[in-house]
Every structure is written in C-alpha cells, then in structure tokens.
Amino acid sequence: FFSIKGGKRASLDARPRRAPRQGGKTNMFRNQYDTDVTTWSPQGRIFQVEYAMEAVKQGGCAVGIRNKTHAVIAALKLSQDADLSSYQKKVFKIDNHVGIAVSGLIADGRILCRYMRNECLNHKFVYESPLPVSRLIRDVADRHQVATARSWKRPFGVGLLCIGHDQTGPHLFQTCPSGNYWEYYAIAMGSRSQASKTYLEKKLEDFESCDLDALVKHALRALEESCGTRKKDDKDGKLTKDNCTVALVGEGNPLLVLDGEDVAQYVDAIHAEQEEQAVAATAAAAAEMSIDGSQGRDATADMPDAPTGGAEEGAAAAGEDAPAS
C-alpha cells in the first residue's frame, strides 16, 4: 500500500511501529472475567468463586465422621516453617454443642467462627435453648452466598466441617464458599483429602457400631492417609500429637477439643496397631516363603534319580561286541 504525501509516494511501512514484545509472545495471560465476583464468563462461570473453592482444596486436610450417637472431626495443622513457626489453629469451639474445623484461609474462618458464636449466643439469650445445628449451618451458608453477590465483596476462601448434637441427634455438615452446604456420614476436605475419602468409603459400614474411642481412631487413621502422600522428609509426613487436633460431641458429651497431650494417647495407639500389623504381615510372608521352599524340596526328592553309569556301561559293551578291523 502506498499513499501520496508531498507529491511523493511514501510507504505505510515507514510509519513508526510499536516495540515488539519480548520473545514475540504475550508476557502474561489476562482473564477479563475474574475482576469481580458479579461478572459471569460466556461459559456461565464465576471465576472468583472457583478461586475461593480452590483455596479450600489447598488448605490442610480435615476429616469428619458421625454415627448414631456421636460426631468427630480431626484436622491436620500446618506451619509455615519447619523449625521457626508454630502450628495454626484449625478447630474452633462454637458452643457447648457445636464445633468446626476449617480448611483454606484461616483468617476468613475466624470471621465466620465469630459470626457463628454470636448467633448461638443470641439464640440462647432469646429462647433459652441451644441453636439447632441445621439452622446455624443454613445461616452461615447464607453468609457465604451474600459474599458472592456483592461487587464490593469477595467470597470467603474457607470451607467448614461442622459437628454438633441437638434434639435430632448428631450432625456433620460441610459448607462451601459458593453458599452450598451438605450433611454427611463421613467426609474429608482439603489438600490430599482423596486418600482420606478412600479410607472412609472402605470403613463406612463399621462406623455405626463403633464406640467413641474407635470413632476417634478411625478419624485419625483417615487423616494419616493424607499425611502418607507427602514426602518422606516432610515433618508433617506422619501424624503426631503436635500436628493434629480432634473435637468430639455426642449424647451426654458436650463439645470437647483434644490437642497436644490429650490426643497423644490416640495417636500412639494407632501407631502401635500399625506396627503390630506390619510385624504380622512380615511374619506371614516369611512363613509363606518357607512353606513354598519346603514344597519345592519335597517335589525334588520325589523325582526319580537320573542314571549315571548306564551310558558308559552300554558304550563299553558295544566296544567289546564290535569286530576287530
């Protein structure tokens, strides 16, 4: 293309150009649909809500179990530095009949914890009775949802596991940053929680007949399944009394939070059981190998002996019978 300028032809290519991008590629990817929580993408997604749900998946693992009489939660506490920092608190007492474990942004979890405590306190002051667990969870889920419908807010980047006991029995609920909530018999959430879910699915039928101590041990075993997927040199690669917390509630048992030395007896018990199982498995494998070896020797002993001198004697006899040349 050419243009006439000053009686002369000037090439459009002679105009100043933009500086080329470094490497000829775009330096960063910009998503134009995640600037606020009220913007929908053409695919019908709200990215900020999905980012908040991803924050829950990246948090520390938490496990919840309930049966007909009791409910238990166990949470794995994480620290920022292996030697210099303490562990973050993951389990909070809401009332004498309700407790929660959080996964995701702990600061957001403390805000919701304070809201839930105020709701329980107001209900007890007005009605002189504990707040039903299902109503409390519905209210906090509504608070989750309001944060997804205001352009000047952001979603809560935290998920809650809530246990409680009221007139209808024990309950176990999970909340989501999107405002959804579900009731479960057993559930795990957080980082590396799939291994814990697999354990819970295998042992689900055993939970109904468990007493309280056995239920706590099941929760800790499921929690340790998520620890087993970490690196061997990770200090949280094995469950200890310092990096886990347990809370339990049920009939005749107000909410009790076990931490430190209080939970050490359960952790030591499951580790002792694991060692006994490992020793038994090793002994069984050794016994099986010895049985296979003895059977192999017996089979060798039953086989007929191969002839040793028959061929030589036959060759000598053939040499005697042969005519001299």
# chains A, B, ... in the order shown; residues from 1 in each chain; ligands from 1
>>> residues_around(residues="A:Cys113", least_positions_apart="3", cutoff="9 Å", atoms="only C-alpha atoms", output="JSON, numbers by chain")
{"A": [92, 93, 94, 100, 108, 109, 110, 116, 117, 118]}
>>> residues_around(residues="A:Lys68", least_positions_apart="4", cutoff="8 Å", atoms="only C-alpha atoms", output="PDB file with N, CA, C and O atoms, in the first residue's frame")
ATOM      1  N   GLY A 169     -30.240 -35.477  67.237  1.00  0.00           N
ATOM      2  CA  GLY A 169     -29.091 -36.368  67.211  1.00  0.00           C
ATOM      3  C   GLY A 169     -27.836 -35.668  66.716  1.00  0.00           C
ATOM      4  O   GLY A 169     -27.798 -34.448  66.563  1.00  0.00           O
ATOM      5  N   PRO A 170     -26.780 -36.448  66.449  1.00  0.00           N
ATOM      6  CA  PRO A 170     -25.522 -35.855  65.972  1.00  0.00           C
ATOM      7  C   PRO A 170     -25.620 -35.470  64.494  1.00  0.00           C
ATOM      8  O   PRO A 170     -26.384 -36.069  63.727  1.00  0.00           O
ATOM      9  N   GLU A 208     -21.177 -47.214  62.274  1.00  0.00           N
ATOM     10  CA  GLU A 208     -22.425 -47.243  63.031  1.00  0.00           C
ATOM     11  C   GLU A 208     -22.281 -48.022  64.335  1.00  0.00           C
ATOM     12  O   GLU A 208     -22.890 -47.675  65.345  1.00  0.00           O
TER      13      GLU A 208
END
>>> residues_around(residues="A:Glu183", least_positions_apart="4", cutoff="8 Å", atoms="only C-alpha atoms", output="list in words")
His171, Leu172, Phe173 and Gln174 of chain A
>>> atom_distance(atom1="atom CA of A:Leu255", atom2="atom CA of A:Lys241")
19.5 Å
>>> residues_around(residues="A:Ala71", least_positions_apart="6", cutoff="12 Å", atoms="only C-alpha atoms", output="PyMOL selection string")
chain A and resi 63-65+97-100+161-166+169-173+184-187+207-208+210-216+218-219+246-251+253-256
>>> select_by_dssp(residues="stretch 161-238 of chain A", states="strand (DSSP E or B)", output="list in words")
Leu161, Cys162, Ile163, Gly164, His165, Asp166, Gly169, Pro170, His171, Leu172, Phe173, Gln174, Thr175, Tyr181, Trp182, Glu183, Ala186, Ile187, Ala188 and Met189 of chain A
>>> residues_around(residues="A:Ile270", least_positions_apart="3", cutoff="10 Å", atoms="only C-alpha atoms", output="list in words")
Lys217, His218, Leu220, Arg221, Glu224, Leu239, Gln265, Tyr266, Val267, Glu273, Gln274, Glu275 and Glu276 of chain A
>>> select_by_dssp(residues="stretch 43-218 of chain A", states="helix (DSSP H, G or I)", output="NGL selection string")
:A and (47-58 or 106-127 or 133-146 or 193-206 or 212-218)
>>> closest_residue(among="A:Ala147, A:Leu121, A:Ala141, A:Leu160", to="A:Val102", atoms="only C-alpha atoms")
A:Leu160
>>> residues_around(residues="A:Met189", least_positions_apart="4", cutoff="6 Å", atoms="only C-alpha atoms", output="mmCIF file with N, CA and C atoms, in the first residue's frame")
data_model
loop_
_atom_site.group_PDB
_atom_site.id
_atom_site.type_symbol
_atom_site.label_atom_id
_atom_site.label_comp_id
_atom_site.auth_asym_id
_atom_site.auth_seq_id
_atom_site.Cartn_x
_atom_site.Cartn_y
_atom_site.Cartn_z
ATOM 1 N N CYS A 61 -5.817 -30.743 55.487
ATOM 2 C CA CYS A 61 -6.877 -31.751 55.441
ATOM 3 C C CYS A 61 -7.654 -31.778 56.755
ATOM 4 N N ALA A 62 -8.973 -31.985 56.641
ATOM 5 C CA ALA A 62 -9.856 -32.152 57.795
ATOM 6 C C ALA A 62 -10.808 -33.305 57.506
ATOM 7 N N SER A 193 -6.937 -34.844 50.278
ATOM 8 C CA SER A 193 -8.037 -35.466 51.012
ATOM 9 C C SER A 193 -8.594 -36.706 50.312
#
